[in-house]
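Undergrad: So here's query.csv (CSV, C-alpha atoms).
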```csv
chain,number,residue,atom,x,y,z
A,1,MET,CA,-4.8,8.8,-17.0
A,2,LYS,CA,-1.2,8.6,-18.0
A,3,ILE,CA,0.0,5.1,-17.0
A,4,LEU,CA,3.4,3.4,-17.1
A,5,VAL,CA,3.3,-0.4,-17.1
A,6,LEU,CA,6.4,-2.3,-16.2
A,7,GLY,CA,6.1,-5.7,-17.8
A,8,GLY,CA,2.8,-6.1,-19.6
A,9,THR,CA,3.6,-8.2,-22.6
A,10,ARG,CA,2.8,-11.7,-21.4
A,11,PHE,CA,0.2,-13.7,-19.4
A,12,PHE,CA,-2.2,-11.6,-17.3
A,13,GLY,CA,-0.3,-8.4,-18.1
A,14,ILE,CA,-1.8,-8.6,-21.6
A,15,HIS,CA,-5.3,-8.7,-20.1
A,16,MET,CA,-4.4,-5.7,-17.9
A,17,VAL,CA,-3.1,-3.6,-20.7
A,18,ASN,CA,-6.0,-4.4,-23.0
A,19,ASP,CA,-8.4,-3.3,-20.3
A,20,LEU,CA,-6.5,-0.1,-19.6
A,21,ILE,CA,-6.6,0.7,-23.4
A,22,GLU,CA,-10.3,-0.1,-23.5
A,23,LYS,CA,-10.9,2.4,-20.7
A,24,GLY,CA,-9.2,5.1,-22.6
A,25,HIS,CA,-6.0,5.5,-20.6
A,26,ASP,CA,-2.7,6.7,-22.1
A,27,VAL,CA,-0.6,3.6,-21.6
A,28,THR,CA,3.2,3.3,-21.9
A,29,ILE,CA,4.9,-0.1,-21.7
A,30,ALA,CA,8.4,-0.4,-20.3
A,31,THR,CA,10.3,-3.6,-21.1
A,32,ARG,CA,13.7,-4.8,-22.2
A,33,GLY,CA,12.2,-5.1,-25.7
A,34,ASN,CA,12.7,-8.8,-25.9
A,35,THR,CA,9.0,-9.8,-26.0
A,36,PRO,CA,6.9,-8.6,-28.9
A,37,ASP,CA,3.4,-7.4,-28.1
A,38,GLY,CA,0.1,-7.1,-30.0
A,39,PHE,CA,-0.9,-3.7,-28.8
A,40,GLY,CA,0.1,-1.8,-32.0
A,41,ASP,CA,-0.4,1.9,-31.9
A,42,SER,CA,-2.6,1.7,-28.8
A,43,VAL,CA,0.4,2.1,-26.5
A,44,SER,CA,3.7,3.9,-26.3
A,45,ARG,CA,6.9,2.0,-25.5
A,46,ILE,CA,10.1,2.6,-23.7
A,47,ARG,CA,13.0,0.3,-23.0
A,48,PHE,CA,15.0,-0.2,-19.9
A,49,GLU,CA,16.6,-3.0,-17.9
A,50,ARG,CA,14.5,-3.4,-14.7
A,51,THR,CA,17.5,-4.3,-12.5
A,52,ASP,CA,19.7,-1.4,-13.7
A,53,GLU,CA,19.0,1.8,-11.7
A,54,ASP,CA,20.8,4.0,-14.3
A,55,SER,CA,18.8,2.5,-17.1
A,56,ILE,CA,15.5,3.1,-15.2
A,57,LYS,CA,16.4,6.7,-14.5
A,58,ALA,CA,17.4,7.4,-18.0
A,59,ALA,CA,14.2,6.0,-19.4
A,60,ILE,CA,11.7,7.8,-17.1
A,61,ALA,CA,13.5,10.9,-15.9
A,62,GLY,CA,11.5,14.1,-16.4
A,63,THR,CA,8.2,12.3,-17.1
A,64,HIS,CA,5.2,12.4,-14.7
A,65,TYR,CA,2.8,9.4,-14.6
A,66,ASP,CA,-0.5,9.3,-12.8
A,67,VAL,CA,0.0,5.6,-12.1
A,68,ILE,CA,2.9,3.2,-12.4
A,69,ILE,CA,1.9,-0.5,-12.4
A,70,ASP,CA,4.9,-2.7,-11.7
A,71,LYS,CA,4.4,-6.4,-12.5
A,72,ILE,CA,8.1,-7.3,-12.5
A,73,ALA,CA,9.4,-6.1,-9.1
A,74,TYR,CA,10.5,-9.1,-7.0
A,75,CYS,CA,12.8,-7.8,-4.3
A,76,SER,CA,13.5,-4.8,-2.1
A,77,ASN,CA,16.2,-3.4,-4.4
A,78,ASP,CA,13.7,-3.5,-7.3
A,79,ILE,CA,11.3,-1.4,-5.2
A,80,ARG,CA,14.0,1.0,-4.2
A,81,LYS,CA,15.2,1.5,-7.8
A,82,ILE,CA,11.8,2.4,-9.2
A,83,MET,CA,10.6,4.5,-6.1
A,84,GLU,CA,13.7,6.6,-6.2
A,85,ALA,CA,13.5,7.2,-10.0
A,86,ALA,CA,9.7,7.6,-10.5
A,87,ASP,CA,7.6,10.6,-10.6
A,88,CYS,CA,4.0,9.3,-10.1
A,89,ASP,CA,0.9,9.9,-8.1
A,90,LYS,CA,0.3,6.2,-7.5
A,91,TYR,CA,2.4,3.0,-7.6
A,92,ILE,CA,0.8,-0.4,-7.9
A,93,TYR,CA,3.1,-3.3,-7.1
A,94,MET,CA,2.3,-6.9,-8.1
A,95,SER,CA,2.9,-8.7,-4.8
A,96,SER,CA,1.8,-12.3,-4.0
A,97,THR,CA,0.0,-14.3,-1.3
A,98,ALA,CA,3.4,-16.0,-0.9
A,99,VAL,CA,4.1,-13.2,1.6
A,100,TYR,CA,1.8,-14.9,4.1
A,101,ASP,CA,3.6,-17.3,6.4
A,102,PRO,CA,1.7,-19.4,6.9
A,103,LYS,CA,-1.4,-19.0,4.7
A,104,ARG,CA,-4.5,-20.2,6.3
A,105,ILE,CA,-8.3,-20.5,5.8
A,106,ASN,CA,-9.6,-17.0,5.3
A,107,THR,CA,-6.2,-15.3,4.9
A,108,VAL,CA,-6.7,-11.5,5.4
A,109,GLU,CA,-4.3,-8.7,4.4
A,110,GLU,CA,-3.4,-8.1,8.1
A,111,ASP,CA,-1.9,-11.6,8.3
A,112,PHE,CA,1.3,-10.1,6.9
A,113,ASP,CA,2.8,-7.2,8.9
A,114,GLY,CA,4.8,-5.3,6.3
A,115,ALA,CA,5.7,-2.6,8.9
A,116,GLY,CA,7.1,-5.0,11.5
A,117,GLY,CA,9.5,-7.3,9.6
A,118,GLY,CA,13.3,-6.9,9.2
A,119,LEU,CA,14.0,-5.2,6.0
A,120,ILE,CA,17.0,-6.5,4.0
A,121,TRP,CA,18.1,-4.8,0.8
A,122,CYS,CA,18.4,-7.8,-1.5
A,123,ASP,CA,18.4,-8.8,-5.2
A,124,ARG,CA,16.3,-11.5,-6.8
A,125,GLN,CA,18.8,-14.3,-6.6
A,126,ASP,CA,19.6,-13.7,-2.9
A,127,TYR,CA,16.7,-15.6,-1.4
A,128,PRO,CA,13.7,-17.9,-2.3
A,129,TYR,CA,10.7,-16.4,-4.0
A,130,ASP,CA,8.5,-16.0,-0.9
A,131,VAL,CA,11.4,-14.3,1.0
A,132,ILE,CA,12.2,-11.7,-1.7
A,133,LYS,CA,8.5,-10.9,-2.1
A,134,ARG,CA,8.2,-10.2,1.6
A,135,GLN,CA,11.3,-8.0,1.4
A,136,ALA,CA,9.8,-6.0,-1.5
A,137,GLU,CA,6.8,-5.3,0.7
A,138,TYR,CA,8.9,-4.5,3.7
A,139,ALA,CA,10.6,-1.8,1.5
A,140,LEU,CA,7.2,-0.3,0.7
A,141,TRP,CA,5.8,-0.4,4.2
A,142,GLN,CA,9.0,0.8,6.0
A,143,LYS,CA,10.9,3.1,3.6
A,144,TYR,CA,8.0,4.6,1.6
A,145,PRO,CA,5.1,4.9,4.0
A,146,ASP,CA,4.2,8.4,2.7
A,147,LYS,CA,4.0,7.3,-0.9
A,148,ASN,CA,0.7,6.4,-2.4
A,149,TRP,CA,1.1,2.7,-3.2
A,150,ILE,CA,-0.9,-0.5,-3.5
A,151,ALA,CA,0.5,-4.0,-3.0
A,152,VAL,CA,-1.8,-6.5,-4.9
A,153,ARG,CA,-1.6,-10.1,-3.5
A,154,TYR,CA,-2.7,-13.0,-5.8
A,155,PRO,CA,-2.6,-16.7,-5.3
A,156,PHE,CA,-1.8,-19.0,-8.3
A,157,VAL,CA,-2.9,-17.3,-11.5
A,158,THR,CA,-4.0,-19.7,-14.3
A,159,GLY,CA,-5.9,-19.7,-17.6
A,160,LYS,CA,-5.6,-20.9,-21.1
A,161,ASP,CA,-2.6,-18.6,-21.6
A,162,ASP,CA,-0.7,-19.9,-18.5
A,163,TYR,CA,2.8,-20.3,-19.7
A,164,THR,CA,3.9,-21.9,-16.4
A,165,LYS,CA,1.8,-25.0,-17.3
A,166,ARG,CA,1.4,-25.8,-13.6
A,167,LEU,CA,-2.2,-26.9,-13.7
A,168,TYR,CA,-1.7,-28.5,-17.1
A,169,PHE,CA,1.0,-30.7,-15.5
A,170,TYR,CA,-1.7,-32.7,-13.8
A,171,VAL,CA,-3.8,-33.1,-17.0
A,172,GLU,CA,-0.8,-34.2,-19.0
A,173,HIS,CA,0.4,-36.7,-16.4
A,174,VAL,CA,-3.0,-38.3,-16.1
A,175,LEU,CA,-3.6,-38.7,-19.8
A,176,ASN,CA,-0.1,-40.1,-20.3
A,177,GLN,CA,-0.2,-42.2,-17.1
A,178,LEU,CA,2.9,-40.6,-15.9
A,179,PRO,CA,3.6,-41.0,-12.1
A,180,MET,CA,3.3,-37.9,-10.0
A,181,LYS,CA,4.6,-37.2,-6.5
A,182,ILE,CA,1.9,-35.2,-4.7
A,183,ASP,CA,2.4,-34.4,-1.0
A,184,ASN,CA,-0.8,-32.3,-0.4
A,185,PRO,CA,-3.7,-33.9,-2.2
A,186,ASP,CA,-6.3,-32.7,0.2
A,187,SER,CA,-5.1,-29.1,0.8
A,188,GLN,CA,-7.7,-26.6,-0.3
A,189,MET,CA,-6.0,-23.9,-2.5
A,190,ALA,CA,-7.0,-20.7,-4.1
A,191,PHE,CA,-6.6,-19.5,-7.7
A,192,ILE,CA,-7.4,-16.5,-9.8
A,193,ARG,CA,-8.1,-16.6,-13.6
A,194,SER,CA,-5.6,-14.7,-15.7
A,195,ASP,CA,-8.1,-12.3,-17.4
A,196,GLU,CA,-9.5,-11.5,-14.0
A,197,ALA,CA,-6.1,-10.9,-12.5
A,198,GLY,CA,-5.3,-8.4,-15.3
A,199,LYS,CA,-8.6,-6.6,-15.0
A,200,PHE,CA,-8.4,-6.2,-11.2
A,201,LEU,CA,-5.0,-4.4,-11.6
A,202,SER,CA,-6.6,-2.1,-14.2
A,203,PHE,CA,-9.6,-1.6,-11.9
A,204,LEU,CA,-7.4,-0.2,-9.1
A,205,VAL,CA,-5.8,2.6,-11.1
A,206,ASP,CA,-8.5,5.2,-10.2
A,207,LYS,CA,-9.6,3.8,-6.8
A,208,ASP,CA,-9.1,5.6,-3.5
A,209,PHE,CA,-7.1,2.9,-1.7
A,210,LYS,CA,-3.7,2.6,-0.2
A,211,GLY,CA,-1.9,-0.5,1.2
A,212,ALA,CA,-2.2,-4.2,0.6
A,213,ILE,CA,-5.1,-5.8,-1.0
A,214,ASN,CA,-6.0,-9.5,-1.9
A,215,GLY,CA,-7.4,-10.7,-5.2
A,216,SER,CA,-8.7,-14.2,-5.7
A,217,SER,CA,-11.5,-16.1,-7.3
A,218,LYS,CA,-14.1,-17.2,-4.7
A,219,GLY,CA,-13.7,-20.6,-3.2
A,220,THR,CA,-11.0,-23.2,-3.2
A,221,ILE,CA,-10.2,-26.6,-4.7
A,222,SER,CA,-7.9,-29.5,-3.8
A,223,ILE,CA,-5.6,-31.5,-6.0
A,224,ARG,CA,-7.7,-34.6,-5.1
A,225,GLU,CA,-10.8,-32.9,-6.5
A,226,ILE,CA,-8.9,-32.0,-9.7
A,227,LEU,CA,-7.7,-35.5,-10.1
A,228,ASP,CA,-11.1,-37.0,-9.4
A,229,TYR,CA,-12.5,-34.8,-12.2
A,230,LEU,CA,-9.8,-35.7,-14.6
A,231,GLU,CA,-10.2,-39.4,-14.0
A,232,LYS,CA,-14.0,-39.1,-14.5
A,233,GLU,CA,-13.7,-37.2,-17.7
A,234,THR,CA,-10.9,-39.2,-19.2
A,235,GLY,CA,-11.5,-42.7,-17.8
A,236,ILE,CA,-7.8,-42.8,-16.9
A,237,LYS,CA,-6.5,-43.4,-13.4
A,238,ALA,CA,-3.9,-41.0,-12.0
A,239,VAL,CA,-0.6,-42.6,-11.1
A,240,ILE,CA,0.6,-41.3,-7.7
A,241,SER,CA,4.0,-42.4,-6.6
A,242,ASP,CA,6.8,-41.2,-4.3
A,243,ASP,CA,9.1,-41.8,-7.3
A,244,GLY,CA,7.0,-39.7,-9.6
A,245,ASP,CA,7.6,-36.2,-11.0
A,246,PRO,CA,7.2,-33.6,-8.2
A,247,ALA,CA,3.9,-31.8,-8.7
A,248,PRO,CA,3.9,-28.0,-9.1
A,249,TYR,CA,1.7,-27.2,-6.1
A,250,ASN,CA,3.5,-29.5,-3.6
A,251,GLY,CA,4.1,-28.0,-0.2
A,252,GLU,CA,1.0,-25.7,-0.3
A,253,PRO,CA,-1.0,-25.7,2.9
A,254,GLY,CA,-4.8,-25.6,3.1
A,255,TYR,CA,-5.8,-22.0,2.7
A,256,SER,CA,-8.3,-19.5,1.3
A,257,ILE,CA,-7.9,-15.8,0.4
A,258,ASN,CA,-10.3,-13.2,1.9
A,259,THR,CA,-11.2,-10.5,-0.7
A,260,ASP,CA,-13.5,-8.4,1.4
A,261,LYS,CA,-11.4,-5.3,0.8
A,262,ALA,CA,-11.4,-5.7,-3.0
A,263,GLU,CA,-15.1,-6.3,-3.0
A,264,SER,CA,-15.8,-3.3,-0.9
A,265,LEU,CA,-14.3,-1.2,-3.7
A,266,GLY,CA,-16.8,-2.7,-6.1
A,267,PHE,CA,-14.8,-5.5,-7.8
A,268,ALA,CA,-16.7,-8.8,-8.1
A,269,PHE,CA,-14.6,-11.9,-8.4
A,270,THR,CA,-15.8,-15.1,-10.1
A,271,ASP,CA,-16.5,-18.4,-8.4
A,272,LEU,CA,-13.5,-20.7,-8.9
A,273,LYS,CA,-15.5,-23.8,-9.7
A,274,ASP,CA,-17.6,-22.0,-12.3
A,275,TRP,CA,-14.5,-21.8,-14.6
A,276,LEU,CA,-11.8,-24.2,-13.4
A,277,TYR,CA,-13.5,-27.4,-14.6
A,278,THR,CA,-14.1,-25.7,-18.0
A,279,LEU,CA,-10.4,-24.9,-18.1
A,280,LEU,CA,-9.5,-28.5,-17.3
A,281,ASP,CA,-11.7,-29.6,-20.2
A,282,TYR,CA,-9.8,-27.2,-22.4
A,283,TYR,CA,-6.5,-28.7,-21.1
A,284,ILE,CA,-7.7,-32.2,-21.8
A,285,ASP,CA,-8.4,-31.3,-25.4
A,286,VAL,CA,-5.0,-29.6,-25.7
A,287,ALA,CA,-3.3,-32.7,-24.2
A,288,HIS,CA,-5.1,-35.0,-26.6
A,289,GLU,CA,-4.0,-33.0,-29.6
A,290,ALA,CA,-0.5,-32.8,-28.3
A,291,MET,CA,-0.4,-36.6,-28.0
A,292,LEU,CA,-1.4,-36.7,-31.6
A,293,GLY,CA,1.4,-34.3,-32.5
A,294,LEU,CA,-0.9,-31.6,-33.8
A,295,TYR,CA,0.9,-28.7,-32.0
A,296,ASP,CA,3.2,-27.8,-29.2
A,297,VAL,CA,1.0,-27.5,-26.2
A,298,LEU,CA,0.4,-24.0,-24.8
A,299,ASP,CA,3.4,-22.4,-26.5
```
Before we go any further, please render this structure as structure tokens.

TA:
Amino acid sequence: MKILVLGGTRFFGIHMVNDLIEKGHDVTIATRGNTPDGFGDSVSRIRFERTDEDSIKAAIAGTHYDVIIDKIAYCSNDIRKIMEAADCDKYIYMSSTAVYDPKRINTVEEDFDGAGGGLIWCDRQDYPYDVIKRQAEYALWQKYPDKNWIAVRYPFVTGKDDYTKRLYFYVEHVLNQLPMKIDNPDSQMAFIRSDEAGKFLSFLVDKDFKGAINGSSKGTISIREILDYLEKETGIKAVISDDGDPAPYNGEPGYSINTDKAESLGFAFTDLKDWLYTLLDYYIDVAHEAMLGLYDVLD
């Protein structure tokens, strides 16, 4: 299949592109050209500015793609610009479980009504992240209902290559005995591993499915469970204080993500606790080496 990837040069986009290549697809990557990639001659490349409608049209006009995978659309205007310019059979949009308000235990796709909300044509800087992601989906549901599209909703993505360092924050603070402000220690939360997040997007390119679909590792974990594990493995007590550094996952409610739709298509997600503790072990080693000045952590 001829596939155009918008933004596939970092984090789980790399896993996605590698999987597409391995499956024999004809992959073109569209970026601003600022981030080098390691795909070599396995992909074609075009350049455009994702927020510039004229730049998008100039780059892809006259070319038909079987699938476009858009990892860098954030807002309704991003959706409009690509949908008006693109010639494709399927469009896969990287959405987020942030669209759910609120998230809850066993959150299902129908908990967000993309067809029923008030669409606002907005740019990325106009509203907070959760609002603009909802607006992006409103655009798909309400303005492009006849198009063949998929909105993929992930919770927090993490892994050894997680440049956000959100999970690593807790490891670093425990080892260095830095105070943390944590407002939701017992909230059960969902995650998906970065390689799995990439492979699920690749998996969807040839599946007969339209609409919203959740992706998530099975099970949940709380910050308290993470800290208990770190304390046990390091022998260092976490410092919790209202005057501490605000923790990355503050404000998250207790929730889990239902993946029945994805699994009905044949994708098997891993169990969260089968890999998260191993990742924490890796982060502990990285943090120890960073403390010794051996290298700049996770960069």

Undergrad: If we count only C-alpha atoms and set the cut-off at 8 Å, which residues sit around Gly8 in chain A, ignoring sequence neighbours fewer than 5 positions away in its own chain? Please answer as a list in words.

TA: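 Contacts, in chain order: Gly13, Ile14, Met16, Val17, Ile29 and Lys71 of chain A.
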
Undergrad: Which one is closest to Arg124 in chain A: A:Asp78, A:Asp87, A:Glu233, A:Asp52? Count all atoms listed in the file.

TA: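 Closest candidate: A:Asp78.
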
Undergrad: Rank nothing, just name the residue among A:Asp26, A:Glu263, A:Glu252, A:Glu49 nearest to Lys103 in chain A, using all atoms listed in the file.

TA: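 Of A:Asp26, A:Glu263, A:Glu252, A:Glu49, the one nearest Lys103 in chain A, counting all atoms listed in the file, is A:Glu252.
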
Undergrad: Give me, please, the distance in Å between CA of Arg134 in chain A and CA of Asn77 in chain A, quoted to one decimal.

TA: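 A separation of 12.1 Å between them.
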
Undergrad: Could you tell me how far CA of Arg10 in chain A lies from CA of Leu292 in chain A, in Å and to one decimal?

TA: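 Going from CA of Arg10 in chain A over to CA of Leu292 in chain A, I get 27.3 Å.
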
Undergrad: May I have a table of the residues of range 81-153 of chain A lying at most 12 Å from range 192-195 of chain A, giving each one's closest pair of atoms and their distance in Å to one decimal, counting all atoms listed in the file, ordered by chain and ascending residue number, as a Markdown table?

TA:
```
| residue | atom | partner | partner_atom | distance |
| --- | --- | --- | --- | --- |
| A:Ser96 | CA | A:Ile192 | CA | 11.7 |
| A:Thr97 | CA | A:Ile192 | CA | 11.5 |
| A:Arg153 | CA | A:Ile192 | CA | 10.7 |
```

Undergrad: Deliver the residues from the most recent selection as a file, using C-alpha atoms, as a CSV table (one decimal), keeping the file's coordinate frame.

TA:
```csv
chain,number,residue,atom,x,y,z
A,96,SER,CA,1.8,-12.3,-4.0
A,97,THR,CA,0.0,-14.3,-1.3
A,153,ARG,CA,-1.6,-10.1,-3.5
```

Undergrad: Using all atoms listed in the file, which of the listed residues (A:Gly254, A:Pro128, A:Gly24, A:Pro36) sits closest to Lys2 in chain A?

TA: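 Of the candidates, the smallest distance to Lys2 in chain A is held by A:Gly24.
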
Undergrad: So that I can check the surroundings of Leu265 in chain A, please list as a PyMOL selection string every protein, DNA and RNA residue that reaches within 10 Å of it, counting only C-alpha atoms and ignoring chain neighbours fewer than 2 positions away.

TA: chain A and resi 203-204+207-209+260-263+267-268

Undergrad: Taking the structure in the block just given, could you write range 103-198 of chain A with C-alpha atoms, as a PDB file, in the first residue's frame?

TA:
```pdb
ATOM      1  CA  LYS A 103     -12.457   9.286  31.827  1.00  0.00           C
ATOM      2  CA  ARG A 104     -13.786   6.459  33.958  1.00  0.00           C
ATOM      3  CA  ILE A 105     -13.209   2.813  34.718  1.00  0.00           C
ATOM      4  CA  ASN A 106     -13.829   0.851  31.506  1.00  0.00           C
ATOM      5  CA  THR A 107     -13.905   3.911  29.239  1.00  0.00           C
ATOM      6  CA  VAL A 108     -15.418   2.921  25.881  1.00  0.00           C
ATOM      7  CA  GLU A 109     -15.313   4.775  22.582  1.00  0.00           C
ATOM      8  CA  GLU A 110     -18.955   5.816  22.847  1.00  0.00           C
ATOM      9  CA  ASP A 111     -18.166   7.834  25.991  1.00  0.00           C
ATOM     10  CA  PHE A 112     -17.140  10.673  23.669  1.00  0.00           C
ATOM     11  CA  ASP A 113     -19.844  11.819  21.244  1.00  0.00           C
ATOM     12  CA  GLY A 114     -17.962  13.351  18.360  1.00  0.00           C
ATOM     13  CA  ALA A 115     -21.135  13.934  16.395  1.00  0.00           C
ATOM     14  CA  GLY A 116     -22.888  15.835  19.164  1.00  0.00           C
ATOM     15  CA  GLY A 117     -20.460  18.498  20.328  1.00  0.00           C
ATOM     16  CA  GLY A 118     -20.093  22.118  19.253  1.00  0.00           C
ATOM     17  CA  LEU A 119     -17.452  22.359  16.543  1.00  0.00           C
ATOM     18  CA  ILE A 120     -15.127  25.379  16.652  1.00  0.00           C
ATOM     19  CA  TRP A 121     -12.539  25.930  13.952  1.00  0.00           C
ATOM     20  CA  CYS A 122      -9.456  26.533  16.073  1.00  0.00           C
ATOM     21  CA  ASP A 123      -5.671  26.463  16.044  1.00  0.00           C
ATOM     22  CA  ARG A 124      -3.349  24.672  18.438  1.00  0.00           C
ATOM     23  CA  GLN A 125      -2.682  27.644  20.684  1.00  0.00           C
ATOM     24  CA  ASP A 126      -6.348  28.572  21.096  1.00  0.00           C
ATOM     25  CA  TYR A 127      -7.320  26.092  23.839  1.00  0.00           C
ATOM     26  CA  PRO A 128      -5.830  23.495  26.215  1.00  0.00           C
ATOM     27  CA  TYR A 129      -4.732  20.148  24.800  1.00  0.00           C
ATOM     28  CA  ASP A 130      -7.874  18.187  25.697  1.00  0.00           C
ATOM     29  CA  VAL A 131     -10.123  20.836  24.134  1.00  0.00           C
ATOM     30  CA  ILE A 132      -8.286  21.041  20.815  1.00  0.00           C
ATOM     31  CA  LYS A 133      -8.162  17.242  20.526  1.00  0.00           C
ATOM     32  CA  ARG A 134     -11.935  17.123  20.971  1.00  0.00           C
ATOM     33  CA  GLN A 135     -12.325  19.819  18.359  1.00  0.00           C
ATOM     34  CA  ALA A 136     -10.203  17.814  15.939  1.00  0.00           C
ATOM     35  CA  GLU A 137     -12.530  14.854  16.364  1.00  0.00           C
ATOM     36  CA  TYR A 138     -15.614  17.061  16.086  1.00  0.00           C
ATOM     37  CA  ALA A 139     -14.290  18.113  12.675  1.00  0.00           C
ATOM     38  CA  LEU A 140     -13.984  14.501  11.547  1.00  0.00           C
ATOM     39  CA  TRP A 141     -17.354  13.395  12.898  1.00  0.00           C
ATOM     40  CA  GLN A 142     -19.354  16.416  11.778  1.00  0.00           C
ATOM     41  CA  LYS A 143     -17.682  17.763   8.622  1.00  0.00           C
ATOM     42  CA  TYR A 144     -16.259  14.589   7.087  1.00  0.00           C
ATOM     43  CA  PRO A 145     -18.711  11.796   8.016  1.00  0.00           C
ATOM     44  CA  ASP A 146     -18.563  10.348   4.502  1.00  0.00           C
ATOM     45  CA  LYS A 147     -14.774  10.030   4.510  1.00  0.00           C
ATOM     46  CA  ASN A 148     -13.107   6.772   5.515  1.00  0.00           C
ATOM     47  CA  TRP A 149     -11.273   7.726   8.705  1.00  0.00           C
ATOM     48  CA  ILE A 150     -10.116   6.231  12.011  1.00  0.00           C
ATOM     49  CA  ALA A 151      -9.451   8.195  15.203  1.00  0.00           C
ATOM     50  CA  VAL A 152      -7.034   6.255  17.429  1.00  0.00           C
ATOM     51  CA  ARG A 153      -7.239   7.114  21.121  1.00  0.00           C
ATOM     52  CA  TYR A 154      -4.262   6.321  23.367  1.00  0.00           C
ATOM     53  CA  PRO A 155      -3.662   7.031  27.068  1.00  0.00           C
ATOM     54  CA  PHE A 156      -0.131   7.940  28.187  1.00  0.00           C
ATOM     55  CA  VAL A 157       2.507   6.447  25.888  1.00  0.00           C
ATOM     56  CA  THR A 158       5.785   5.503  27.531  1.00  0.00           C
ATOM     57  CA  GLY A 159       8.905   3.441  26.945  1.00  0.00           C
ATOM     58  CA  LYS A 160      12.682   3.601  26.966  1.00  0.00           C
ATOM     59  CA  ASP A 161      12.475   6.184  24.186  1.00  0.00           C
ATOM     60  CA  ASP A 162       9.929   8.465  25.911  1.00  0.00           C
ATOM     61  CA  TYR A 163      11.302  11.946  25.355  1.00  0.00           C
ATOM     62  CA  THR A 164       8.653  13.488  27.653  1.00  0.00           C
ATOM     63  CA  LYS A 165      10.358  11.891  30.681  1.00  0.00           C
ATOM     64  CA  ARG A 166       7.035  11.884  32.543  1.00  0.00           C
ATOM     65  CA  LEU A 167       7.411   8.458  34.121  1.00  0.00           C
ATOM     66  CA  TYR A 168      11.122   8.999  34.578  1.00  0.00           C
ATOM     67  CA  PHE A 169      10.272  12.071  36.682  1.00  0.00           C
ATOM     68  CA  TYR A 170       9.199   9.819  39.564  1.00  0.00           C
ATOM     69  CA  VAL A 171      12.335   7.670  39.355  1.00  0.00           C
ATOM     70  CA  GLU A 172      14.646  10.669  39.264  1.00  0.00           C
ATOM     71  CA  HIS A 173      12.909  12.364  42.164  1.00  0.00           C
ATOM     72  CA  VAL A 174      12.981   9.270  44.358  1.00  0.00           C
ATOM     73  CA  LEU A 175      16.661   8.556  43.746  1.00  0.00           C
ATOM     74  CA  ASN A 176      17.652  12.166  44.326  1.00  0.00           C
ATOM     75  CA  GLN A 177      15.221  12.568  47.250  1.00  0.00           C
ATOM     76  CA  LEU A 178      13.600  15.531  45.547  1.00  0.00           C
ATOM     77  CA  PRO A 179      10.173  16.511  46.896  1.00  0.00           C
ATOM     78  CA  MET A 180       7.166  15.862  44.647  1.00  0.00           C
ATOM     79  CA  LYS A 181       3.671  17.280  44.790  1.00  0.00           C
ATOM     80  CA  ILE A 182       1.297  14.451  43.884  1.00  0.00           C
ATOM     81  CA  ASP A 183      -2.444  15.055  44.030  1.00  0.00           C
ATOM     82  CA  ASN A 184      -3.720  11.648  42.872  1.00  0.00           C
ATOM     83  CA  PRO A 185      -1.551   8.864  44.349  1.00  0.00           C
ATOM     84  CA  ASP A 186      -4.319   6.263  44.290  1.00  0.00           C
ATOM     85  CA  SER A 187      -5.858   6.987  40.889  1.00  0.00           C
ATOM     86  CA  GLN A 188      -5.607   3.924  38.673  1.00  0.00           C
ATOM     87  CA  MET A 189      -4.285   5.016  35.250  1.00  0.00           C
ATOM     88  CA  ALA A 190      -3.724   3.428  31.852  1.00  0.00           C
ATOM     89  CA  PHE A 191      -0.596   3.382  29.679  1.00  0.00           C
ATOM     90  CA  ILE A 192       0.552   1.950  26.388  1.00  0.00           C
ATOM     91  CA  ARG A 193       4.131   1.006  25.525  1.00  0.00           C
ATOM     92  CA  SER A 194       5.700   3.027  22.707  1.00  0.00           C
ATOM     93  CA  ASP A 195       6.510   0.123  20.396  1.00  0.00           C
ATOM     94  CA  GLU A 196       2.989  -1.237  20.822  1.00  0.00           C
ATOM     95  CA  ALA A 197       1.490   2.196  20.099  1.00  0.00           C
ATOM     96  CA  GLY A 198       3.400   2.339  16.835  1.00  0.00           C
TER      97      GLY A 198
END
```
